[in-house]
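Source file: protein-v2.cif; contents: mmCIF, C-alpha atoms (C1' of nucleotides).
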```cif
data_input
loop_
_atom_site.label_atom_id
_atom_site.label_comp_id
_atom_site.auth_asym_id
_atom_site.auth_seq_id
_atom_site.Cartn_x
_atom_site.Cartn_y
_atom_site.Cartn_z
CA MET L 1 -249.02 -13.66 20.18
CA SER L 2 -247.13 -16.52 21.90
CA GLU L 3 -243.44 -17.20 21.41
CA GLN L 4 -244.26 -20.27 19.37
CA GLU L 5 -246.71 -18.52 17.10
CA SER L 6 -244.33 -15.67 16.64
CA TYR L 7 -241.63 -18.12 15.62
CA TYR L 8 -243.76 -20.01 13.14
CA LYS L 9 -244.92 -16.80 11.58
CA LYS L 10 -241.33 -15.64 11.29
CA LYS L 11 -240.21 -18.83 9.61
CA GLN L 12 -242.42 -17.87 6.68
CA ASP L 13 -240.76 -14.49 6.38
CA PRO L 14 -238.96 -14.26 3.04
CA SER L 15 -236.05 -12.25 4.43
CA LEU L 16 -235.19 -14.77 7.09
CA LYS L 17 -235.78 -17.70 4.80
CA LEU L 18 -233.58 -16.12 2.16
CA PHE L 19 -230.79 -15.65 4.65
CA VAL L 20 -230.96 -19.26 5.79
CA VAL L 21 -231.14 -20.69 2.32
CA LEU L 22 -228.36 -18.43 1.04
CA THR L 23 -226.13 -19.53 3.88
CA LYS L 24 -226.79 -23.22 3.31
CA ALA L 25 -226.44 -23.12 -0.45
CA GLN L 26 -223.19 -21.22 -0.31
CA ARG L 27 -221.85 -23.58 2.31
CA SER L 28 -222.70 -26.67 0.29
CA VAL L 29 -221.20 -25.26 -2.88
CA ALA L 30 -218.13 -23.83 -1.18
CA ASP L 31 -217.39 -27.10 0.59
CA LEU L 32 -217.33 -29.00 -2.68
CA VAL L 33 -215.22 -26.37 -4.41
CA LYS L 34 -212.87 -26.51 -1.46
CA ASP L 35 -212.51 -30.28 -1.85
CA ASP L 36 -211.67 -29.75 -5.48
CA ILE L 37 -209.06 -27.10 -4.78
CA GLN L 38 -207.49 -29.06 -1.98
CA ARG L 39 -206.65 -31.84 -4.38
CA TYR L 40 -204.16 -29.38 -5.84
CA GLY L 41 -202.64 -28.57 -2.48
CA LEU L 42 -204.17 -25.12 -2.02
CA ASN L 43 -206.95 -23.75 0.11
CA PRO L 44 -209.60 -21.45 -1.35
CA THR L 45 -207.89 -18.30 -0.13
CA GLU L 46 -204.56 -19.18 -1.65
CA PHE L 47 -206.30 -20.15 -4.84
CA GLY L 48 -208.19 -16.87 -4.88
CA VAL L 49 -205.05 -14.80 -4.51
CA LEU L 50 -203.24 -16.73 -7.20
CA GLU L 51 -206.18 -16.46 -9.56
CA LEU L 52 -206.30 -12.73 -8.98
CA LEU L 53 -202.66 -12.31 -9.92
CA TYR L 54 -203.11 -14.56 -12.93
CA HIS L 55 -205.97 -12.53 -14.31
CA GLN L 56 -205.15 -9.03 -13.17
CA GLY L 57 -201.39 -8.99 -13.12
CA GLU L 58 -199.12 -8.00 -10.28
CA GLN L 59 -200.74 -6.16 -7.42
CA PRO L 60 -199.64 -4.30 -4.28
CA LEU L 61 -200.40 -6.57 -1.30
CA GLN L 62 -202.73 -3.89 -0.06
CA LYS L 63 -204.92 -4.14 -3.19
CA ILE L 64 -205.13 -7.89 -2.89
CA GLY L 65 -206.58 -7.46 0.55
CA GLU L 66 -209.24 -5.12 -0.73
CA LYS L 67 -210.25 -7.35 -3.59
CA ILE L 68 -210.27 -10.65 -1.72
CA LEU L 69 -211.59 -9.10 1.49
CA LEU L 70 -208.79 -10.20 3.73
CA ALA L 71 -207.14 -8.38 6.63
CA SER L 72 -203.64 -7.12 5.99
CA GLY L 73 -202.08 -9.58 8.40
CA SER L 74 -203.73 -12.46 6.59
CA ILE L 75 -202.36 -11.26 3.27
CA THR L 76 -198.84 -11.46 4.58
CA TYR L 77 -199.61 -14.98 5.74
CA VAL L 78 -201.04 -16.38 2.49
CA VAL L 79 -198.50 -14.58 0.34
CA ASP L 80 -195.79 -16.20 2.46
CA LYS L 81 -197.28 -19.61 1.80
CA LEU L 82 -197.61 -19.05 -1.93
CA GLU L 83 -194.10 -17.71 -2.07
CA LYS L 84 -192.78 -20.84 -0.34
CA LYS L 85 -194.57 -22.92 -2.96
CA GLU L 86 -192.89 -20.72 -5.57
CA TYR L 87 -196.17 -19.79 -7.19
CA LEU L 88 -195.58 -16.08 -6.62
CA GLU L 89 -192.83 -13.66 -5.74
CA ARG L 90 -192.63 -10.39 -3.88
CA ILE L 91 -191.30 -7.45 -5.85
CA PRO L 92 -190.42 -4.22 -4.03
CA CYS L 93 -191.85 -1.07 -5.57
CA PRO L 94 -189.00 1.17 -6.75
CA ASN L 95 -190.92 4.44 -6.37
CA ASP L 96 -192.49 3.87 -2.99
CA ARG L 97 -190.57 1.73 -0.57
CA ARG L 98 -193.61 1.13 1.57
CA ILE L 99 -195.18 -0.91 -1.19
CA THR L 100 -194.56 -4.52 -2.20
CA PHE L 101 -196.03 -6.14 -5.28
CA ALA L 102 -197.01 -9.76 -5.52
CA SER L 103 -196.50 -11.30 -8.94
CA ILE L 104 -197.36 -14.78 -10.15
CA THR L 105 -194.35 -16.81 -11.29
CA GLU L 106 -194.08 -18.87 -14.43
CA LYS L 107 -194.51 -21.96 -12.27
CA GLY L 108 -197.67 -20.52 -10.80
CA ARG L 109 -199.04 -19.67 -14.22
CA GLU L 110 -198.38 -23.14 -15.54
CA PHE L 111 -199.93 -24.63 -12.45
CA LEU L 112 -203.17 -22.74 -12.99
CA ASN L 113 -203.21 -23.48 -16.69
CA ASP L 114 -202.97 -27.14 -15.79
CA ILE L 115 -205.80 -27.21 -13.31
CA PHE L 116 -208.27 -24.67 -14.72
CA PRO L 117 -209.99 -26.97 -17.20
CA ASP L 118 -210.84 -29.58 -14.62
CA HIS L 119 -211.62 -26.96 -12.00
CA TRP L 120 -214.18 -25.36 -14.30
CA LYS L 121 -215.67 -28.74 -15.04
CA GLN L 122 -216.08 -29.38 -11.32
CA ILE L 123 -217.84 -26.07 -10.81
CA GLU L 124 -220.22 -26.91 -13.60
CA ARG L 125 -220.93 -30.25 -11.99
CA ILE L 126 -221.44 -28.69 -8.56
CA THR L 127 -223.89 -26.11 -9.90
CA ASP L 128 -225.75 -28.42 -12.26
CA GLY L 129 -228.86 -28.30 -10.08
CA LEU L 130 -229.82 -25.23 -12.08
CA THR L 131 -230.26 -24.82 -15.82
CA ASP L 132 -228.31 -22.09 -17.57
CA GLU L 133 -231.40 -19.87 -17.60
CA GLU L 134 -231.87 -20.37 -13.89
CA LYS L 135 -228.21 -19.59 -13.30
CA VAL L 136 -228.58 -16.32 -15.15
CA GLN L 137 -231.62 -15.49 -13.05
CA ALA L 138 -229.81 -16.39 -9.84
CA ILE L 139 -226.81 -14.32 -10.85
CA GLU L 140 -228.98 -11.25 -11.34
CA LEU L 141 -230.72 -11.66 -8.02
CA LEU L 142 -227.55 -12.38 -6.07
CA LYS L 143 -225.74 -9.48 -7.66
CA LYS L 144 -228.51 -7.15 -6.62
CA LEU L 145 -228.66 -8.58 -3.13
CA GLY L 146 -224.92 -8.41 -2.63
CA GLN L 147 -224.43 -4.92 -3.99
CA ASN L 148 -227.20 -3.56 -1.87
CA ALA L 149 -225.85 -5.22 1.25
CA GLU L 150 -222.38 -3.82 0.63
CA GLY L 151 -223.85 -0.35 0.30
CA ASN L 152 -225.49 -0.81 3.67
CA GLN L 153 -222.20 -1.14 5.44
CA ASN L 154 -222.13 1.93 7.60
CA MET K 1 -207.27 -20.60 -28.31
CA SER K 2 -204.88 -18.46 -26.24
CA GLU K 3 -204.85 -18.33 -22.48
CA GLN K 4 -206.35 -14.88 -22.53
CA GLU K 5 -209.16 -15.75 -24.90
CA SER K 6 -209.89 -18.87 -22.93
CA TYR K 7 -210.15 -16.80 -19.78
CA TYR K 8 -212.43 -14.18 -21.21
CA LYS K 9 -214.67 -16.82 -22.63
CA LYS K 10 -214.80 -18.54 -19.28
CA LYS K 11 -215.71 -15.37 -17.45
CA GLN K 12 -218.99 -15.40 -19.34
CA ASP K 13 -219.74 -18.93 -18.21
CA PRO K 14 -222.85 -18.91 -16.03
CA SER K 15 -221.56 -21.61 -13.68
CA LEU K 16 -218.39 -19.78 -12.80
CA LYS K 17 -220.16 -16.44 -12.61
CA LEU K 18 -222.80 -17.93 -10.35
CA PHE K 19 -220.17 -19.31 -8.03
CA VAL K 20 -218.40 -15.95 -7.78
CA VAL K 21 -221.55 -13.97 -7.25
CA LEU K 22 -222.93 -16.45 -4.72
CA THR K 23 -219.72 -16.24 -2.74
CA LYS K 24 -219.69 -12.46 -2.72
CA ALA K 25 -223.34 -12.00 -1.89
CA GLN K 26 -223.20 -14.46 0.97
CA ARG K 27 -220.09 -12.83 2.30
CA SER K 28 -221.61 -9.36 2.24
CA VAL K 29 -224.79 -10.49 3.91
CA ALA K 30 -223.06 -12.72 6.45
CA ASP K 31 -220.67 -9.96 7.46
CA LEU K 32 -223.52 -7.62 8.27
CA VAL K 33 -225.46 -10.27 10.15
CA LYS K 34 -222.29 -11.03 12.07
CA ASP K 35 -221.99 -7.38 13.09
CA ASP K 36 -225.55 -7.48 14.32
CA ILE K 37 -225.05 -10.64 16.35
CA GLN K 38 -221.78 -9.47 17.82
CA ARG K 39 -223.56 -6.54 19.42
CA TYR K 40 -225.15 -9.15 21.65
CA GLY K 41 -221.83 -10.74 22.59
CA LEU K 42 -222.16 -13.87 20.45
CA ASN K 43 -220.62 -15.02 17.22
CA PRO K 44 -222.73 -16.54 14.45
CA THR K 45 -221.92 -20.11 15.44
CA GLU K 46 -222.89 -19.62 19.05
CA PHE K 47 -226.03 -17.87 17.91
CA GLY K 48 -226.85 -20.71 15.56
CA VAL K 49 -226.50 -23.34 18.24
CA LEU K 50 -228.60 -21.39 20.69
CA GLU K 51 -231.27 -20.76 18.08
CA LEU K 52 -231.37 -24.45 17.28
CA LEU K 53 -231.98 -25.38 20.91
CA TYR K 54 -234.57 -22.65 21.23
CA HIS K 55 -236.57 -23.89 18.29
CA GLN K 56 -236.00 -27.62 18.37
CA GLY K 57 -235.56 -28.34 22.06
CA GLU K 58 -232.69 -30.15 23.73
CA GLN K 59 -230.37 -32.08 21.45
CA PRO K 60 -227.53 -34.56 21.79
CA LEU K 61 -224.29 -32.67 21.05
CA GLN K 62 -223.75 -35.03 18.16
CA LYS K 63 -227.02 -33.96 16.49
CA ILE K 64 -226.11 -30.31 16.83
CA GLY K 65 -222.96 -30.98 14.90
CA GLU K 66 -224.91 -32.58 12.07
CA LYS K 67 -227.43 -29.78 11.82
CA ILE K 68 -225.00 -26.88 12.10
CA LEU K 69 -222.30 -28.67 10.10
CA LEU K 70 -219.64 -28.45 12.74
CA ALA K 71 -216.96 -30.98 13.67
CA SER K 72 -217.40 -32.69 17.01
CA GLY K 73 -214.43 -30.90 18.51
CA SER K 74 -215.93 -27.55 17.61
CA ILE K 75 -219.20 -28.49 19.25
CA THR K 76 -217.47 -29.10 22.55
CA TYR K 77 -215.83 -25.69 22.17
CA VAL K 78 -218.94 -23.63 21.45
CA VAL K 79 -221.07 -25.52 23.96
CA ASP K 80 -218.42 -24.77 26.58
CA LYS K 81 -218.65 -21.09 25.77
CA LEU K 82 -222.41 -20.98 25.84
CA GLU K 83 -222.43 -22.92 29.11
CA LYS K 84 -220.06 -20.38 30.66
CA LYS K 85 -222.43 -17.64 29.60
CA GLU K 86 -225.22 -19.68 31.24
CA TYR K 87 -227.29 -19.72 28.10
CA LEU K 88 -227.34 -23.52 27.99
CA GLU K 89 -226.60 -26.51 30.19
CA ARG K 90 -225.35 -30.02 29.59
CA ILE K 91 -227.66 -32.81 30.69
CA PRO K 92 -226.35 -36.39 30.77
CA CYS K 93 -228.58 -38.93 29.05
CA PRO K 94 -229.81 -41.49 31.58
CA ASN K 95 -230.26 -44.31 29.06
CA ASP K 96 -227.01 -43.99 27.19
CA ARG K 97 -224.12 -42.66 29.16
CA ARG K 98 -222.16 -41.82 26.05
CA ILE K 99 -224.67 -39.15 25.20
CA THR K 100 -224.93 -35.60 26.54
CA PHE K 101 -227.82 -33.30 25.77
CA ALA K 102 -227.51 -29.56 25.43
CA SER K 103 -230.53 -27.64 26.64
CA ILE K 104 -231.21 -23.92 26.53
CA THR K 105 -231.64 -22.30 29.94
CA GLU K 106 -234.32 -19.87 30.96
CA LYS K 107 -231.71 -17.13 30.76
CA GLY K 108 -230.86 -18.19 27.24
CA ARG K 109 -234.49 -18.22 26.20
CA GLU K 110 -235.11 -14.78 27.60
CA PHE K 111 -232.00 -13.52 25.91
CA LEU K 112 -233.19 -14.68 22.50
CA ASN K 113 -236.70 -13.38 23.08
CA ASP K 114 -235.15 -10.02 23.80
CA ILE K 115 -233.02 -9.80 20.70
CA PHE K 116 -235.10 -11.61 18.08
CA PRO K 117 -237.31 -8.67 17.10
CA ASP K 118 -234.42 -6.38 16.34
CA HIS K 119 -232.39 -9.19 14.79
CA TRP K 120 -235.19 -9.91 12.34
CA LYS K 121 -235.48 -6.26 11.54
CA GLN K 122 -231.78 -6.12 10.74
CA ILE K 123 -232.06 -9.09 8.41
CA GLU K 124 -234.88 -7.38 6.60
CA ARG K 125 -232.78 -4.28 6.23
CA ILE K 126 -229.78 -6.23 5.01
CA THR K 127 -231.79 -8.06 2.38
CA ASP K 128 -233.87 -5.11 1.25
CA GLY K 129 -232.10 -4.99 -2.09
CA LEU K 130 -234.70 -7.48 -3.28
CA THR K 131 -238.46 -7.19 -3.27
CA ASP K 132 -240.47 -9.92 -1.60
CA GLU K 133 -241.22 -11.50 -4.95
CA GLU K 134 -237.55 -11.53 -5.84
CA LYS K 135 -236.73 -13.03 -2.46
CA VAL K 136 -239.17 -15.85 -3.10
CA GLN K 137 -237.58 -16.44 -6.49
CA ALA K 138 -234.10 -16.40 -5.03
CA ILE K 139 -235.16 -18.80 -2.28
CA GLU K 140 -236.41 -21.32 -4.82
CA LEU K 141 -233.27 -21.12 -6.90
CA LEU K 142 -230.91 -21.32 -3.95
CA LYS K 143 -232.81 -24.20 -2.44
CA LYS K 144 -232.51 -26.13 -5.66
CA LEU K 145 -228.85 -25.28 -6.03
CA GLY K 146 -228.01 -26.20 -2.45
CA GLN K 147 -229.92 -29.45 -2.37
CA ASN K 148 -228.38 -30.62 -5.56
CA ALA K 149 -224.88 -29.76 -4.39
CA GLU K 150 -225.39 -31.64 -1.14
CA GLY K 151 -226.53 -34.67 -3.09
CA ASN K 152 -223.28 -34.50 -5.03
CA GLN K 153 -221.23 -35.14 -1.94
CA ASN K 154 -219.98 -38.63 -2.59
"C1'" DC D 1 -186.35 21.95 7.07
"C1'" DA D 2 -188.80 19.45 10.96
"C1'" DC D 3 -192.79 17.56 12.52
"C1'" DC D 4 -196.72 14.86 12.17
"C1'" DA D 5 -200.52 12.35 10.12
"C1'" DT D 6 -201.17 8.81 6.96
"C1'" DG D 7 -200.40 4.50 4.66
"C1'" DA D 8 -198.23 -0.24 3.75
"C1'" DA D 9 -196.55 -4.27 5.40
"C1'" DT D 10 -195.24 -7.19 9.07
"C1'" DT D 11 -195.48 -9.13 13.68
"C1'" DT D 12 -197.93 -10.60 17.47
"C1'" DT D 13 -201.90 -12.09 19.75
"C1'" DA D 14 -206.52 -13.86 19.98
"C1'" DT D 15 -210.20 -16.55 18.10
"C1'" DA D 16 -212.43 -20.05 15.41
"C1'" DT D 17 -212.34 -24.27 13.17
"C1'" DT D 18 -210.67 -28.89 11.65
"C1'" DT D 19 -208.29 -33.07 12.26
"C1'" DA D 20 -206.59 -36.78 14.80
"C1'" DA D 21 -205.88 -39.22 18.92
"C1'" DC D 22 -208.02 -40.81 22.94
"C1'" DT D 23 -211.59 -42.44 26.54
"C1'" DA D 24 -215.68 -44.39 27.83
"C1'" DT D 25 -219.74 -46.63 26.81
"C1'" DA D 26 -222.86 -49.48 24.19
"C1'" DC D 27 -224.00 -52.99 20.86
"C1'" DC D 28 -223.34 -57.31 18.52
"C1'" DC D 29 -222.44 -61.89 17.89
"C1'" DT D 30 -220.91 -66.44 18.17
"C1'" DA X 1 -219.91 -63.96 29.22
"C1'" DG X 2 -216.00 -62.08 26.26
"C1'" DG X 3 -214.04 -59.75 22.39
"C1'" DG X 4 -214.50 -56.89 18.64
"C1'" DT X 5 -216.47 -52.90 16.59
"C1'" DA X 6 -218.89 -48.70 16.47
"C1'" DT X 7 -220.41 -44.27 18.59
"C1'" DA X 8 -220.29 -39.91 21.68
"C1'" DG X 9 -217.73 -36.70 23.52
"C1'" DT X 10 -213.39 -34.59 24.94
"C1'" DT X 11 -208.64 -33.18 24.31
"C1'" DA X 12 -204.69 -31.55 21.87
"C1'" DA X 13 -202.42 -29.98 17.88
"C1'" DA X 14 -202.52 -27.71 13.44
"C1'" DT X 15 -204.43 -24.27 10.47
"C1'" DA X 16 -206.89 -20.17 9.08
"C1'" DT X 17 -208.42 -15.75 9.97
"C1'" DA X 18 -209.06 -11.45 12.32
"C1'" DA X 19 -207.57 -7.68 15.36
"C1'" DA X 20 -204.20 -4.91 17.42
"C1'" DA X 21 -199.64 -3.18 17.89
"C1'" DT X 22 -195.32 -2.04 15.50
"C1'" DT X 23 -192.17 -0.45 12.02
"C1'" DC X 24 -190.91 2.08 8.33
"C1'" DA X 25 -191.65 5.27 4.53
"C1'" DT X 26 -194.02 9.14 2.47
"C1'" DG X 27 -196.06 13.59 1.86
"C1'" DG X 28 -197.97 17.62 3.49
"C1'" DT X 29 -197.72 21.74 6.28
"C1'" DG X 30 -196.30 25.11 9.56
#
```
Using the file provided, produce a representation of the structure as structure tokens.
Amino acid sequence: MSEQESYYKKKQDPSLKLFVVLTKAQRSVADLVKDDIQRYGLNPTEFGVLELLYHQGEQPLQKIGEKILLASGSITYVVDKLEKKEYLERIPCPNDRRITFASITEKGREFLNDIFPDHWKQIERITDGLTDEEKVQAIELLKKLGQNAEGNQN
Amino acid sequence: MSEQESYYKKKQDPSLKLFVVLTKAQRSVADLVKDDIQRYGLNPTEFGVLELLYHQGEQPLQKIGEKILLASGSITYVVDKLEKKEYLERIPCPNDRRITFASITEKGREFLNDIFPDHWKQIERITDGLTDEEKVQAIELLKKLGQNAEGNQN
DNA sequence: CACCATGAATTTTATATTTAACTATACCCT
DNA sequence: AGGGTATAGTTAAATATAAAATTCATGGTG
């Protein structure tokens, strides 16, 4: 089989196609969500950290890294930025002096309360290419795909 | 409705859930593909550019940026790197001296021919959480989602 | 108790990417 | 032809992220 034939055959392959289409869709969606978030003066990472603290309460920096998938050095960096904006504060752990908690401030909480409604509306708009039934389908498939891929990490 | 209730209600919302799950799945998959590509000494962007030239022939740098969604400054950067590795060369356009083409070299072509088979195998492995039928379903849904989101960019 | 392996956070360094400013060329248009 | 405007690519600066080295604290074990 020639190079060209081999390529055209491969382009039909569901695995490869899925990878390409997953990449593009996520990129398109993420770019629009990013535009939305930037209007509020945050980038998606900062927003993600703040959201985490809002919903799950104060966390050791370490844990934040695990949940948001960010290297420890990067955590220090974004927590610094959020602290400068006064949306969170560092709280030393009394029992274990190696540990520092990050905790959302009242200002941070109010900030999120202010922007959530419109933010959610934007996400609905951005994803309105699919009906609710299709979204549920997509969620199931993506969950399966993602969980399996994670498990493969060795 | 309290903040907490509002949050828990929102967590059920298919749009928001879809966004979260799309982000995570893509991240898991992309990380593994990245590991695969790095074994060959490239990062995903370099790989993407090279693949584009392999499949679609020489391109004005400008066009590469449009197709890969990369700012013009970044194009210069990755094309420089690929040129240093001798996987591509710059070719000035004779008709329009503003334009420079990037063209894959023989070395670059051989390189991709060497790695494609295993690369495809890896992608199959990474996506094997879904059956072929599910992949086809997911492709349709993601295509629809992505195209619609792109259209929203105004 | 003293030592050492581990773990958490920071610091530093490297890499990737975007944005903005700049240069050169081409096109238009009267 | 000349002047204005748009386009391609590069350069430089700013930002984001990852990777590696460093510091400090803890807990276990000989």
Which residues come within 12 Å of stretch 5-17 of chain D, counting all atoms listed in the file, excluding same-chain residues fewer than 2 positions away, as a PyMOL selection string? (chain L and resi 60-63+65+71-77+79-80+90+92-93+96-101) or (chain K and resi 43-46+69-78) or (chain D and resi 3+19) or (chain X and resi 14-29)
What gap, in Å, lies between atom CA of K:Ala30 and atom CA of K:Lys17?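 Straight-line distance from atom CA of K:Ala30 to atom CA of K:Lys17 works out to 19.6 Å.
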For chain K, which residue among L:Glu89, L:Ser28, L:Gln12, L:Arg39 is the nearest when counting all atoms listed in the file?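 The shortest atom-to-atom distance to chain K comes from L:Ser28.
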Determine, counting only C-alpha atoms (C1' of nucleotides), every residue of protein, DNA or RNA that lies within 8 Å of (-234.1, -13.1, 3.0) in the file coordinates, then give the result as a list in words. Asp13, Pro14, Ser15, Leu16, Lys17, Leu18, Phe19 and Val20 of chain L; Ile123, Glu124, Thr127, Lys135 and Ile139 of chain K
Carefully work through the PyMOL selection byres ((chain D) within 8 of (chain K)) for this structure and note down the residues it includes, as a PyMOL selection string. chain D and resi 17-18+24-26
Given the block above, output stretch 15-27 of chain D with C-alpha atoms (C1' of nucleotides) as a PDB file, in the first residue's frame.
```
ATOM      1  C1'  DT D  15       9.522  26.302  27.146  1.00  0.00           C
ATOM      2  C1'  DA D  16       5.407  27.589  24.731  1.00  0.00           C
ATOM      3  C1'  DT D  17       2.225  30.899  23.389  1.00  0.00           C
ATOM      4  C1'  DT D  18       0.091  35.525  22.662  1.00  0.00           C
ATOM      5  C1'  DT D  19       0.231  40.289  21.795  1.00  0.00           C
ATOM      6  C1'  DA D  20       2.030  44.311  19.891  1.00  0.00           C
ATOM      7  C1'  DA D  21       5.324  46.771  17.322  1.00  0.00           C
ATOM      8  C1'  DC D  22       7.852  46.796  13.210  1.00  0.00           C
ATOM      9  C1'  DT D  23       9.535  45.944   8.230  1.00  0.00           C
ATOM     10  C1'  DA D  24       8.884  44.969   3.671  1.00  0.00           C
ATOM     11  C1'  DT D  25       6.058  44.172  -0.061  1.00  0.00           C
ATOM     12  C1'  DA D  26       1.896  44.410  -2.784  1.00  0.00           C
ATOM     13  C1'  DC D  27      -2.454  46.370  -4.157  1.00  0.00           C
TER      14       DC D  27
END
```
